[in-house]
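Dumped query_35.cif below, it's mmCIF, C-alpha atoms:
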data_data
#
loop_
_atom_site.label_atom_id
_atom_site.label_comp_id
_atom_site.auth_asym_id
_atom_site.auth_seq_id
_atom_site.Cartn_x
_atom_site.Cartn_y
_atom_site.Cartn_z
CA MET A 20 -13.67 16.85 -18.02
CA SER A 21 -15.07 16.60 -21.56
CA ARG A 22 -11.84 14.80 -22.56
CA PHE A 23 -12.55 12.25 -19.82
CA PHE A 24 -16.09 11.59 -21.13
CA LYS A 25 -14.82 11.48 -24.73
CA GLY A 26 -12.25 8.87 -23.64
CA LEU A 27 -15.00 6.83 -22.00
CA GLY A 28 -17.07 6.96 -25.21
CA ARG A 29 -14.09 5.89 -27.32
CA PHE A 30 -13.18 3.06 -24.90
CA ARG A 31 -9.73 4.47 -24.06
CA ARG A 32 -7.69 2.89 -21.29
CA GLY A 33 -6.89 6.01 -19.21
CA PRO A 34 -10.42 7.24 -18.37
CA TRP A 35 -11.83 3.73 -17.93
CA GLU A 36 -9.00 2.79 -15.54
CA MET A 37 -9.69 5.98 -13.63
CA LEU A 38 -13.39 5.04 -13.36
CA ALA A 39 -12.50 1.50 -12.18
CA THR A 40 -10.08 2.96 -9.62
CA ILE A 41 -12.83 5.26 -8.26
CA ILE A 42 -15.24 2.29 -7.98
CA ILE A 43 -12.63 0.18 -6.12
CA ALA A 44 -11.83 3.07 -3.75
CA LEU A 45 -15.57 3.59 -3.16
CA GLY A 46 -16.00 -0.14 -2.41
CA VAL A 47 -13.12 -0.13 0.09
CA PHE A 48 -14.53 3.01 1.75
CA MET A 49 -18.00 1.40 1.96
CA LEU A 50 -16.47 -1.71 3.56
CA MET A 51 -14.76 0.22 6.33
CA GLN A 52 -17.00 3.22 7.00
CA PRO A 53 -18.71 3.41 10.41
CA PHE A 54 -21.86 5.26 9.26
CA VAL A 55 -24.44 3.03 7.51
CA MET A 56 -24.85 -0.74 7.47
CA TRP A 57 -26.31 -0.91 3.94
CA ALA A 58 -23.11 0.60 2.50
CA TYR A 59 -21.13 -2.16 4.24
CA SER A 60 -23.49 -4.79 2.82
CA TYR A 61 -23.03 -3.55 -0.77
CA SER A 62 -19.27 -2.91 -0.44
CA PHE A 63 -18.13 -6.33 -1.67
CA ILE A 64 -20.13 -6.23 -4.89
CA THR A 65 -18.88 -2.67 -5.55
CA THR A 66 -15.22 -3.67 -5.06
CA LEU A 67 -15.72 -6.83 -7.14
CA VAL A 68 -17.26 -4.86 -10.03
CA GLY A 69 -14.43 -2.29 -9.85
CA THR A 70 -11.73 -4.97 -9.78
CA LEU A 71 -13.18 -7.00 -12.68
CA MET A 72 -13.67 -3.76 -14.62
CA PHE A 73 -10.03 -2.82 -13.96
CA ILE A 74 -8.84 -6.17 -15.34
CA VAL A 75 -10.97 -5.78 -18.50
CA VAL A 76 -10.27 -2.09 -19.22
CA SER A 77 -6.49 -2.48 -18.76
CA HIS A 78 -6.61 -4.21 -22.17
CA PHE A 79 -8.24 -1.18 -23.87
CA PRO A 80 -6.08 0.87 -26.29
CA GLU A 81 -4.10 3.83 -24.91
CA ASP A 82 -4.90 7.48 -25.74
CA GLU A 83 -3.18 8.76 -28.92
CA MET B 6 26.19 -15.24 -20.88
CA SER B 7 29.74 -14.99 -22.31
CA ASP B 8 31.11 -17.60 -24.74
CA GLY B 9 33.49 -18.91 -22.08
CA THR B 10 30.61 -19.54 -19.65
CA MET B 11 28.56 -21.20 -22.39
CA ASP B 12 31.48 -23.53 -23.16
CA ARG B 13 31.89 -24.38 -19.47
CA VAL B 14 28.14 -25.14 -19.15
CA ALA B 15 28.26 -27.30 -22.33
CA ARG B 16 31.28 -29.23 -20.99
CA ALA B 17 29.65 -29.70 -17.57
CA THR B 18 26.39 -31.09 -19.04
CA PRO B 19 26.37 -34.91 -18.74
CA PRO B 20 26.42 -36.60 -22.23
CA ARG B 21 23.05 -38.35 -21.62
CA VAL B 22 21.30 -35.03 -20.84
CA ALA B 23 23.07 -33.34 -23.76
CA ARG B 24 21.79 -36.05 -26.18
CA LYS B 25 18.21 -35.55 -24.90
CA ILE B 26 18.37 -31.74 -25.17
CA LYS B 27 19.95 -31.80 -28.64
CA GLY B 28 16.71 -32.75 -30.38
CA MET B 29 14.59 -30.08 -28.63
CA SER B 30 13.63 -26.70 -30.03
CA ASP B 31 14.51 -23.44 -28.20
CA ARG B 32 10.85 -23.01 -27.31
CA ALA B 33 10.66 -26.50 -25.79
CA ILE B 34 13.82 -25.87 -23.74
CA ALA B 35 12.36 -22.54 -22.54
CA TRP B 36 9.18 -24.35 -21.45
CA LEU B 37 11.30 -27.01 -19.72
CA PHE B 38 12.92 -24.32 -17.57
CA VAL B 39 9.70 -22.43 -16.83
CA ALA B 40 7.51 -25.50 -16.17
CA PRO B 41 8.60 -26.16 -12.54
CA THR B 42 7.81 -22.54 -11.58
CA ILE B 43 4.43 -22.67 -13.32
CA PHE B 44 3.67 -25.98 -11.63
CA LEU B 45 4.56 -24.56 -8.19
CA LEU B 46 2.50 -21.43 -8.86
CA LEU B 47 -0.51 -23.54 -9.83
CA ALA B 48 -0.11 -25.86 -6.84
CA ILE B 49 0.58 -23.23 -4.17
CA ASN B 50 -1.43 -20.19 -5.38
CA ILE B 51 -4.01 -20.95 -8.06
CA PHE B 52 -5.34 -24.30 -6.82
CA PRO B 53 -5.94 -23.14 -3.20
CA LEU B 54 -7.62 -19.98 -4.53
CA ILE B 55 -10.02 -21.93 -6.74
CA TRP B 56 -10.68 -24.40 -3.92
CA THR B 57 -11.38 -21.55 -1.47
CA ILE B 58 -13.84 -19.99 -3.93
CA GLN B 59 -15.59 -23.36 -4.22
CA LEU B 60 -15.65 -23.89 -0.41
CA SER B 61 -17.08 -20.41 0.13
CA PHE B 62 -20.38 -21.62 -1.36
CA THR B 63 -20.62 -24.59 1.03
CA ASN B 64 -21.19 -25.32 4.74
CA TYR B 65 -17.93 -27.33 4.93
CA ARG B 66 -16.22 -27.72 8.31
CA ALA B 67 -12.63 -28.96 8.28
CA ASN B 68 -13.00 -30.61 11.74
CA ARG B 69 -16.04 -32.68 10.69
CA LEU B 70 -14.85 -34.65 7.70
CA ASN B 71 -17.71 -37.20 7.77
CA ARG B 72 -20.41 -34.52 7.67
CA GLU B 73 -22.25 -34.09 4.36
CA VAL B 74 -21.08 -30.95 2.52
CA LYS B 75 -24.04 -28.94 1.21
CA ASN B 76 -23.97 -26.21 -1.40
CA ILE B 77 -25.58 -23.17 0.25
CA GLY B 78 -25.06 -20.65 -2.55
CA LEU B 79 -24.32 -17.09 -1.45
CA ARG B 80 -25.53 -17.57 2.16
CA ASN B 81 -22.01 -17.29 3.67
CA TYR B 82 -21.45 -13.97 1.86
CA GLU B 83 -24.89 -12.76 2.95
CA ARG B 84 -24.16 -13.63 6.61
CA ILE B 85 -20.78 -11.88 6.59
CA LEU B 86 -22.06 -8.75 4.87
CA THR B 87 -24.97 -8.37 7.31
CA ASP B 88 -23.02 -9.24 10.48
CA SER B 89 -22.60 -6.18 12.70
CA ASP B 90 -19.70 -7.79 14.63
CA ILE B 91 -17.67 -8.21 11.44
CA TRP B 92 -18.60 -4.65 10.51
CA LEU B 93 -17.04 -3.58 13.85
CA ASN B 94 -13.89 -5.57 13.01
CA MET B 95 -13.76 -3.75 9.68
CA GLN B 96 -14.04 -0.44 11.54
CA ALA B 97 -11.21 -1.49 13.89
CA THR B 98 -9.13 -2.29 10.80
CA ALA B 99 -10.10 1.08 9.27
CA HIS B 100 -9.03 2.94 12.45
CA PHE B 101 -5.71 1.10 12.42
CA LEU B 102 -5.22 1.68 8.66
CA PHE B 103 -6.14 5.37 8.70
CA TRP B 104 -4.02 6.44 11.66
CA THR B 105 -0.97 4.34 10.78
CA ILE B 106 -0.96 5.76 7.25
CA VAL B 107 -1.46 9.37 8.38
CA LEU B 108 1.28 9.16 11.05
CA GLN B 109 3.71 7.20 8.88
CA VAL B 110 3.34 9.60 5.96
CA LEU B 111 3.75 12.73 8.10
CA ILE B 112 6.68 11.46 10.17
CA GLY B 113 8.26 9.57 7.24
CA PHE B 114 8.15 12.63 4.99
CA ALA B 115 9.54 14.90 7.73
CA LEU B 116 12.42 12.48 8.41
CA ALA B 117 13.17 12.12 4.68
CA TYR B 118 13.20 15.92 4.32
CA LEU B 119 15.71 16.20 7.18
CA ILE B 120 17.93 13.34 5.96
CA ASN B 121 17.91 14.86 2.46
CA LYS B 122 19.66 17.95 3.87
CA ASN B 123 22.86 15.83 4.01
CA PHE B 124 24.04 17.09 7.38
CA ARG B 125 27.11 15.63 9.12
CA GLY B 126 26.40 12.04 10.19
CA SER B 127 23.24 11.70 8.08
CA PRO B 128 24.21 8.19 6.76
CA PHE B 129 24.60 7.01 10.37
CA TRP B 130 21.20 8.41 11.37
CA THR B 131 19.59 6.87 8.26
CA THR B 132 20.86 3.46 9.42
CA VAL B 133 19.59 4.05 12.97
CA ILE B 134 16.15 5.14 11.72
CA VAL B 135 15.85 2.15 9.38
CA LEU B 136 16.69 -0.42 12.12
CA PRO B 137 13.09 -1.10 13.38
CA MET B 138 12.02 -2.11 9.86
CA MET B 139 14.60 -4.89 9.85
CA LEU B 140 13.23 -6.60 12.96
CA SER B 141 10.73 -9.46 12.94
CA PRO B 142 7.14 -8.35 13.76
CA ALA B 143 6.93 -11.11 16.40
CA VAL B 144 10.05 -9.73 18.14
CA VAL B 145 8.75 -6.16 17.91
CA GLY B 146 5.38 -7.25 19.34
CA ASN B 147 7.06 -9.00 22.25
CA PHE B 148 9.38 -6.23 23.30
CA TRP B 149 6.70 -3.53 22.97
CA LYS B 150 4.58 -5.69 25.25
CA PHE B 151 7.29 -5.17 27.89
CA LEU B 152 7.59 -1.46 27.08
CA TYR B 153 3.81 -1.08 27.61
CA GLN B 154 3.87 -2.83 31.04
CA PRO B 155 2.18 -0.43 33.50
CA GLN B 156 4.53 -1.34 36.41
CA ILE B 157 7.95 -1.71 34.75
CA GLY B 158 7.39 -0.47 31.17
CA LEU B 159 9.47 2.39 29.81
CA PHE B 160 6.57 3.80 27.75
CA ASN B 161 4.39 4.54 30.79
CA TYR B 162 7.34 6.20 32.56
CA ILE B 163 8.07 8.45 29.57
CA VAL B 164 4.39 9.47 29.34
CA SER B 165 4.28 10.12 33.09
CA PHE B 166 7.51 12.16 32.86
CA PHE B 167 5.88 14.53 30.35
CA THR B 168 2.32 14.57 31.69
CA GLY B 169 2.83 14.06 35.41
CA ALA B 170 0.34 11.17 35.47
CA ASP B 171 1.02 8.12 37.63
CA PRO B 172 2.74 5.46 35.40
CA SER B 173 0.55 2.65 36.75
CA SER B 174 -2.67 4.66 36.32
CA PHE B 175 -3.13 3.60 32.70
CA GLU B 176 -2.61 0.37 30.77
CA MET B 177 -1.99 0.75 27.05
CA LEU B 178 -2.78 -2.87 26.16
CA GLY B 179 -5.55 -3.45 28.69
CA GLN B 180 -7.81 -0.41 28.31
CA VAL B 181 -10.50 -0.34 25.63
CA ASN B 182 -9.82 3.31 24.68
CA LEU B 183 -6.01 2.94 24.60
CA ALA B 184 -5.46 -0.50 23.03
CA PRO B 185 -6.30 0.58 19.42
CA TRP B 186 -3.74 3.39 19.79
CA SER B 187 -1.10 1.06 21.20
CA ILE B 188 -1.05 -1.00 17.98
CA VAL B 189 -1.02 2.20 15.89
CA ILE B 190 2.06 3.45 17.80
CA VAL B 191 3.97 0.19 17.35
CA ASP B 192 3.20 -0.13 13.64
CA THR B 193 4.15 3.52 13.11
CA TRP B 194 7.43 2.97 14.98
CA MET B 195 8.21 -0.07 12.88
CA TRP B 196 7.16 1.06 9.39
CA THR B 197 7.80 4.84 9.29
CA PRO B 198 11.38 4.13 8.05
CA PHE B 199 9.93 2.39 5.00
CA VAL B 200 7.86 5.47 4.10
CA MET B 201 10.91 7.61 4.81
CA LEU B 202 13.02 5.61 2.34
CA ILE B 203 10.40 5.95 -0.42
CA CYS B 204 10.07 9.71 0.24
CA LEU B 205 13.86 10.03 0.24
CA ALA B 206 13.97 8.37 -3.20
CA GLY B 207 11.36 10.91 -4.36
CA LEU B 208 13.23 13.89 -2.90
CA ARG B 209 16.55 12.77 -4.43
CA SER B 210 14.89 12.44 -7.86
CA ILE B 211 14.12 16.20 -7.97
CA PRO B 212 16.81 17.91 -10.09
CA ASP B 213 18.63 20.83 -8.43
CA TYR B 214 18.13 23.13 -11.43
CA ILE B 215 14.40 23.40 -10.65
CA TYR B 216 15.20 24.88 -7.23
CA GLU B 217 17.87 27.11 -8.80
CA ALA B 218 15.30 28.44 -11.31
CA ALA B 219 12.87 29.06 -8.44
CA GLU B 220 15.61 30.93 -6.51
CA ILE B 221 16.22 33.15 -9.55
CA ASP B 222 12.46 33.84 -9.69
CA ARG B 223 12.70 34.81 -6.00
CA ALA B 224 10.29 32.13 -4.86
CA SER B 225 10.29 31.78 -1.06
CA LYS B 226 11.34 28.49 0.61
CA LEU B 227 7.70 27.82 1.55
CA ARG B 228 6.56 28.43 -2.04
CA GLN B 229 9.33 26.12 -3.33
CA PHE B 230 8.21 23.45 -0.88
CA PHE B 231 4.54 23.54 -1.94
CA THR B 232 5.02 24.06 -5.69
CA ILE B 233 8.12 21.92 -6.34
CA THR B 234 8.85 19.46 -3.51
CA VAL B 235 5.32 18.28 -2.63
CA PRO B 236 4.02 17.76 -6.22
CA MET B 237 7.19 15.93 -7.28
CA VAL B 238 7.22 13.63 -4.24
CA LEU B 239 3.46 13.00 -4.39
CA PRO B 240 3.58 9.93 -6.73
CA PHE B 241 6.15 8.35 -4.39
CA LEU B 242 3.98 9.19 -1.39
CA MET B 243 0.96 7.62 -3.12
CA LEU B 244 3.01 4.51 -3.66
CA ALA B 245 3.98 4.38 0.02
CA VAL B 246 0.35 4.94 1.09
CA LEU B 247 -0.94 2.14 -1.14
CA PHE B 248 1.83 -0.25 -0.11
CA ARG B 249 1.31 0.36 3.60
CA GLY B 250 -2.49 0.26 3.10
CA ILE B 251 -2.33 -3.20 1.53
CA GLU B 252 0.16 -4.49 4.12
CA ASN B 253 -1.79 -3.13 7.10
CA PHE B 254 -5.08 -4.47 5.75
CA LYS B 255 -3.52 -7.93 6.15
CA MET B 256 -1.83 -7.13 9.51
CA PHE B 257 -1.78 -10.17 11.80
CA ASP B 258 1.47 -11.13 13.58
CA LEU B 259 2.27 -7.83 15.29
CA VAL B 260 -1.24 -7.36 16.71
CA VAL B 261 -1.55 -11.00 17.80
CA GLN B 262 1.71 -10.66 19.75
CA LEU B 263 0.68 -7.35 21.30
CA THR B 264 -2.98 -7.66 22.20
CA GLY B 265 -4.27 -10.91 20.69
CA GLY B 266 -7.27 -8.90 19.48
CA GLY B 267 -8.26 -7.72 22.97
CA PRO B 268 -9.42 -6.26 25.26
CA GLY B 269 -12.75 -7.72 24.15
CA SER B 270 -12.53 -7.38 20.41
CA THR B 271 -11.36 -3.75 20.22
CA THR B 272 -8.16 -4.61 18.36
CA GLU B 273 -9.49 -7.68 16.55
CA LEU B 274 -8.53 -6.82 12.98
CA THR B 275 -10.13 -8.69 10.08
CA SER B 276 -7.20 -11.09 9.63
CA ILE B 277 -7.34 -12.11 13.33
CA ASN B 278 -11.11 -12.54 13.11
CA LEU B 279 -10.70 -14.64 9.97
CA LYS B 280 -8.16 -16.90 11.70
CA ARG B 281 -10.62 -17.39 14.61
CA GLU B 282 -13.47 -18.31 12.25
CA ALA B 283 -11.28 -20.75 10.32
CA PHE B 284 -9.17 -22.43 13.02
CA GLU B 285 -10.99 -21.88 16.33
CA LYS B 286 -14.65 -22.09 15.33
CA TRP B 287 -13.82 -24.34 12.33
CA ARG B 288 -16.43 -22.71 10.07
CA THR B 289 -14.33 -23.39 6.97
CA GLY B 290 -16.94 -22.49 4.33
CA TYR B 291 -17.82 -19.25 6.12
CA ALA B 292 -14.13 -18.39 6.63
CA SER B 293 -13.48 -19.09 2.93
CA ALA B 294 -16.15 -16.55 1.94
CA TYR B 295 -14.60 -14.09 4.42
CA ALA B 296 -11.15 -14.71 2.88
CA ILE B 297 -12.53 -14.12 -0.63
CA ILE B 298 -14.03 -10.77 0.45
CA LEU B 299 -10.66 -9.69 1.87
CA PHE B 300 -8.84 -11.07 -1.19
CA VAL B 301 -11.00 -9.08 -3.63
CA THR B 302 -10.43 -5.92 -1.57
CA VAL B 303 -6.65 -6.41 -1.48
CA PHE B 304 -6.62 -7.37 -5.17
CA GLY B 305 -8.51 -4.18 -6.04
CA LEU B 306 -6.08 -2.08 -4.00
CA ALA B 307 -3.14 -3.92 -5.56
CA SER B 308 -4.45 -3.07 -9.05
CA ILE B 309 -4.39 0.63 -8.13
CA TYR B 310 -0.93 0.11 -6.62
CA VAL B 311 0.43 -1.38 -9.86
CA LYS B 312 -1.06 1.53 -11.82
CA ALA B 313 0.59 4.05 -9.47
CA LEU B 314 3.87 2.14 -9.75
CA ASN B 315 3.79 2.37 -13.55
CA LYS B 316 3.15 6.11 -13.32
CA VAL B 317 6.19 6.54 -11.07
CA LYS B 318 8.26 4.44 -13.51
CA GLU B 319 7.15 6.66 -16.42
CA ARG B 320 8.58 9.68 -14.58
#

Starting from the file, lay out its structure as structure tokens.
Amino acid sequence: MSRFFKGLGRFRRGPWEMLATIIIALGVFMLMQPFVMWAYSYSFITTLVGTLMFIVVSHFPEDE
Amino acid sequence: MSDGTMDRVARATPPRVARKIKGMSDRAIAWLFVAPTIFLLLAINIFPLIWTIQLSFTNYRANRLNREVKNIGLRNYERILTDSDIWLNMQATAHFLFWTIVLQVLIGFALAYLINKNFRGSPFWTTVIVLPMMLSPAVVGNFWKFLYQPQIGLFNYIVSFFTGADPSSFEMLGQVNLAPWSIVIVDTWMWTPFVMLICLAGLRSIPDYIYEAAEIDRASKLRQFFTITVPMVLPFLMLAVLFRGIENFKMFDLVVQLTGGGPGSTTELTSINLKREAFEKWRTGYASAYAIILFVTVFGLASIYVKALNKVKER
């Protein structure tokens, strides 16, 4: 876990891609869940942020 | 390319073309070859995408060309993301996605596990199992429509044979509670072979010496299954899940042929709803915003898919 946070702090590709993946998955879940309307309303912005983040962080350097 | 082929190509090149090419650098020739593809990509993919993004901020209607087009900012997005009917369509899509993936993964993995045992006639059965995947979705939709007929359909008779219920007492495509399951069954029937093939590739990539080492350590078959087979096939399974997830999120043809989105709107998946907004109600700007929302979702999932694919390649 601490390695993950260290990687985030040092702008490494692996942990940042993982974070972007979690945000995209959360956005898709929010879009399709049957529980609360507000989650559906904010799903698009969540997925968009995750996707743009994924594009940016895939250019970060790899872990040594 | 071999020298002989190069010579043949050089001889076949007309002298006028050869004179023109002679003065060009390798880089220029490379661009010359790639340019038509780039042009097609820009014309068919990139330009429509940019145009759709632009239209999504307007009240444009493709059937009213003389009407003034107004820029309405994010209002289309706001309407879609606060519309409870579209939310229900998303839930119908989620139901379809979830159950097709669960069933396809379970059945696909089980079939792959059996086929991997290399019993007598396994290549024949692999071909038989893979057949549904090779059919056109429109054809599959049409013949399942006949299979689901309450009076003459084979499906109702098979269900009645096992349950004792009257075959004409239920209608898979016409009842609100059964219609969502009818499309799940057909998609599972059609695409389980695809998941099976991916799982089979995963199972065949496990080296035998790992199992032999486990045998020496006296690990039981169940233990071997959960500590060797499942973890080593998991990246392949993830790949299958993502691939089927993306494909089913865009599902259109099969469901249109089977139910047309009905009864009511119980099987109206997002892609069917989008088509209705764009080409039946002609709300082009609104439909463009809808398409962008779906595009971003699929693009996000595709990014994860590519990442998973690279991980599998690394193995």

Residue by residue, what does the PyMOL selection byres ((chain B) within 12 of (chain A)) grab here? Present the result as a PDB file with C-alpha atoms, in the coordinates of the input.
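Resulting contents of part.pdb:
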ATOM      1  CA  TYR B  82     -21.450 -13.970   1.860  1.00  0.00           C
ATOM      2  CA  GLU B  83     -24.890 -12.760   2.950  1.00  0.00           C
ATOM      3  CA  ARG B  84     -24.160 -13.630   6.610  1.00  0.00           C
ATOM      4  CA  ILE B  85     -20.780 -11.880   6.590  1.00  0.00           C
ATOM      5  CA  LEU B  86     -22.060  -8.750   4.870  1.00  0.00           C
ATOM      6  CA  THR B  87     -24.970  -8.370   7.310  1.00  0.00           C
ATOM      7  CA  ASP B  88     -23.020  -9.240  10.480  1.00  0.00           C
ATOM      8  CA  SER B  89     -22.600  -6.180  12.700  1.00  0.00           C
ATOM      9  CA  ASP B  90     -19.700  -7.790  14.630  1.00  0.00           C
ATOM     10  CA  ILE B  91     -17.670  -8.210  11.440  1.00  0.00           C
ATOM     11  CA  TRP B  92     -18.600  -4.650  10.510  1.00  0.00           C
ATOM     12  CA  LEU B  93     -17.040  -3.580  13.850  1.00  0.00           C
ATOM     13  CA  ASN B  94     -13.890  -5.570  13.010  1.00  0.00           C
ATOM     14  CA  MET B  95     -13.760  -3.750   9.680  1.00  0.00           C
ATOM     15  CA  GLN B  96     -14.040  -0.440  11.540  1.00  0.00           C
ATOM     16  CA  ALA B  97     -11.210  -1.490  13.890  1.00  0.00           C
ATOM     17  CA  THR B  98      -9.130  -2.290  10.800  1.00  0.00           C
ATOM     18  CA  ALA B  99     -10.100   1.080   9.270  1.00  0.00           C
ATOM     19  CA  HIS B 100      -9.030   2.940  12.450  1.00  0.00           C
ATOM     20  CA  PHE B 101      -5.710   1.100  12.420  1.00  0.00           C
ATOM     21  CA  LEU B 102      -5.220   1.680   8.660  1.00  0.00           C
ATOM     22  CA  PHE B 103      -6.140   5.370   8.700  1.00  0.00           C
ATOM     23  CA  LEU B 247      -0.940   2.140  -1.140  1.00  0.00           C
ATOM     24  CA  GLY B 250      -2.490   0.260   3.100  1.00  0.00           C
ATOM     25  CA  ILE B 251      -2.330  -3.200   1.530  1.00  0.00           C
ATOM     26  CA  PHE B 254      -5.080  -4.470   5.750  1.00  0.00           C
ATOM     27  CA  LEU B 274      -8.530  -6.820  12.980  1.00  0.00           C
ATOM     28  CA  THR B 275     -10.130  -8.690  10.080  1.00  0.00           C
ATOM     29  CA  ALA B 294     -16.150 -16.550   1.940  1.00  0.00           C
ATOM     30  CA  TYR B 295     -14.600 -14.090   4.420  1.00  0.00           C
ATOM     31  CA  ALA B 296     -11.150 -14.710   2.880  1.00  0.00           C
ATOM     32  CA  ILE B 297     -12.530 -14.120  -0.630  1.00  0.00           C
ATOM     33  CA  ILE B 298     -14.030 -10.770   0.450  1.00  0.00           C
ATOM     34  CA  LEU B 299     -10.660  -9.690   1.870  1.00  0.00           C
ATOM     35  CA  PHE B 300      -8.840 -11.070  -1.190  1.00  0.00           C
ATOM     36  CA  VAL B 301     -11.000  -9.080  -3.630  1.00  0.00           C
ATOM     37  CA  THR B 302     -10.430  -5.920  -1.570  1.00  0.00           C
ATOM     38  CA  VAL B 303      -6.650  -6.410  -1.480  1.00  0.00           C
ATOM     39  CA  PHE B 304      -6.620  -7.370  -5.170  1.00  0.00           C
ATOM     40  CA  GLY B 305      -8.510  -4.180  -6.040  1.00  0.00           C
ATOM     41  CA  LEU B 306      -6.080  -2.080  -4.000  1.00  0.00           C
ATOM     42  CA  ALA B 307      -3.140  -3.920  -5.560  1.00  0.00           C
ATOM     43  CA  SER B 308      -4.450  -3.070  -9.050  1.00  0.00           C
ATOM     44  CA  ILE B 309      -4.390   0.630  -8.130  1.00  0.00           C
ATOM     45  CA  TYR B 310      -0.930   0.110  -6.620  1.00  0.00           C
ATOM     46  CA  VAL B 311       0.430  -1.380  -9.860  1.00  0.00           C
ATOM     47  CA  LYS B 312      -1.060   1.530 -11.820  1.00  0.00           C
ATOM     48  CA  ALA B 313       0.590   4.050  -9.470  1.00  0.00           C
ATOM     49  CA  LYS B 316       3.150   6.110 -13.320  1.00  0.00           C
TER      50      LYS B 316
END

>> Counting only C-alpha atoms, which residues sit no farther than 12 Å from the position (2.3, 13.5, -4.4) in the file's frame? I'd like them as a list in words.
In response: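 Residues found, by chain and rising number: Val110, Phe114, Ile203, Cys204, Gly207, Leu208, Phe231, Thr232, Ile233, Thr234, Val235, Pro236, Met237, Val238, Leu239, Pro240, Phe241, Leu242, Met243, Leu244, Ala245, Val246, Ala313, Lys316 and Val317 of chain B.
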
>> If I take CA of Arg22 (chain A) and CA of Val76 (chain A), how far is one from the other in Å, to one decimal?
In response: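 Interatomic distance, CA of Arg22 (chain A) to CA of Val76 (chain A): 17.3 Å.
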
> If we count only C-alpha atoms, what is near Asp82 (chain A) at a cut-off of 10 Å, once residues fewer than 2 positions away on the same chain are taken out, given as a PyMOL selection string?
Replying inline: chain A and resi 26+29-34+79-80

> Leaving out Leu108 (chain B) and any residue of its chain fewer than 4 positions from it, which residues lie within 7 Å of it when counting only C-alpha atoms, given as a VMD selection string?
Replying inline: chain B and resid 104 112 193

> For the atom pair CA of Trp186 (chain B) and CA of Val55 (chain A), what is the interatomic distance in Å to one decimal place?
Replying inline: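 Computed distance, CA of Trp186 (chain B) to CA of Val55 (chain A), equals 24.1 Å.
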
The PyMOL selection byres ((chain B and resi 182) around 12) on the file shown: which residues, as a PDB file with C-alpha atoms, keeping the file's coordinate frame?
ATOM      1  CA  ALA B  97     -11.210  -1.490  13.890  1.00  0.00           C
ATOM      2  CA  PHE B 175      -3.130   3.600  32.700  1.00  0.00           C
ATOM      3  CA  GLU B 176      -2.610   0.370  30.770  1.00  0.00           C
ATOM      4  CA  MET B 177      -1.990   0.750  27.050  1.00  0.00           C
ATOM      5  CA  LEU B 178      -2.780  -2.870  26.160  1.00  0.00           C
ATOM      6  CA  GLY B 179      -5.550  -3.450  28.690  1.00  0.00           C
ATOM      7  CA  GLN B 180      -7.810  -0.410  28.310  1.00  0.00           C
ATOM      8  CA  VAL B 181     -10.500  -0.340  25.630  1.00  0.00           C
ATOM      9  CA  LEU B 183      -6.010   2.940  24.600  1.00  0.00           C
ATOM     10  CA  ALA B 184      -5.460  -0.500  23.030  1.00  0.00           C
ATOM     11  CA  PRO B 185      -6.300   0.580  19.420  1.00  0.00           C
ATOM     12  CA  TRP B 186      -3.740   3.390  19.790  1.00  0.00           C
ATOM     13  CA  SER B 187      -1.100   1.060  21.200  1.00  0.00           C
ATOM     14  CA  ILE B 188      -1.050  -1.000  17.980  1.00  0.00           C
ATOM     15  CA  GLY B 267      -8.260  -7.720  22.970  1.00  0.00           C
ATOM     16  CA  PRO B 268      -9.420  -6.260  25.260  1.00  0.00           C
ATOM     17  CA  GLY B 269     -12.750  -7.720  24.150  1.00  0.00           C
ATOM     18  CA  SER B 270     -12.530  -7.380  20.410  1.00  0.00           C
ATOM     19  CA  THR B 271     -11.360  -3.750  20.220  1.00  0.00           C
ATOM     20  CA  THR B 272      -8.160  -4.610  18.360  1.00  0.00           C
TER      21      THR B 272
END

Using all atoms of region 115-129 of chain B that appear in the file, construct an axis-aligned enclosing box with 5 Å of padding on every side and provide its centre coordinates and edge lengths in Å, rounded to one decimal, as lines of an AutoDock Vina configuration file.
center_x = 18.3
center_y = 12.5
center_z = 6.4
size_x = 27.6
size_y = 20.9
size_z = 17.9

> Hey, what comes out of the PyMOL selection byres ((chain B and resi 192) around 10) on this file? Could you write it as a PyMOL selection string?
Replying inline: chain B and resi 101-102+104-106+108-109+137-138+142+145-146+186-191+193-197+253+256+259-260

>> Between CA of Thr289 (chain B) and CA of Leu60 (chain B), what is the distance in Å, rounded to a tenth?
In response: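 Distance reported for this atom pair: 7.5 Å.
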
Write region 68-72 of chain A as an mmCIF file, keeping the file's coordinate frame, completed to N, CA and C atoms.
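This is the output file rebuild_5.cif:
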data_model
loop_
_atom_site.group_PDB
_atom_site.id
_atom_site.type_symbol
_atom_site.label_atom_id
_atom_site.label_comp_id
_atom_site.auth_asym_id
_atom_site.auth_seq_id
_atom_site.Cartn_x
_atom_site.Cartn_y
_atom_site.Cartn_z
ATOM 1 N N VAL A 68 -16.983 -5.463 -8.713
ATOM 2 C CA VAL A 68 -17.260 -4.860 -10.030
ATOM 3 C C VAL A 68 -16.078 -3.993 -10.468
ATOM 4 N N GLY A 69 -15.574 -3.163 -9.536
ATOM 5 C CA GLY A 69 -14.430 -2.290 -9.850
ATOM 6 C C GLY A 69 -13.205 -3.083 -10.246
ATOM 7 N N THR A 70 -12.936 -4.161 -9.511
ATOM 8 C CA THR A 70 -11.730 -4.970 -9.780
ATOM 9 C C THR A 70 -11.835 -5.678 -11.126
ATOM 10 N N LEU A 71 -12.992 -6.304 -11.384
ATOM 11 C CA LEU A 71 -13.180 -7.000 -12.680
ATOM 12 C C LEU A 71 -13.091 -5.994 -13.825
ATOM 13 N N MET A 72 -13.707 -4.822 -13.601
ATOM 14 C CA MET A 72 -13.670 -3.760 -14.620
ATOM 15 C C MET A 72 -12.228 -3.340 -14.887
#
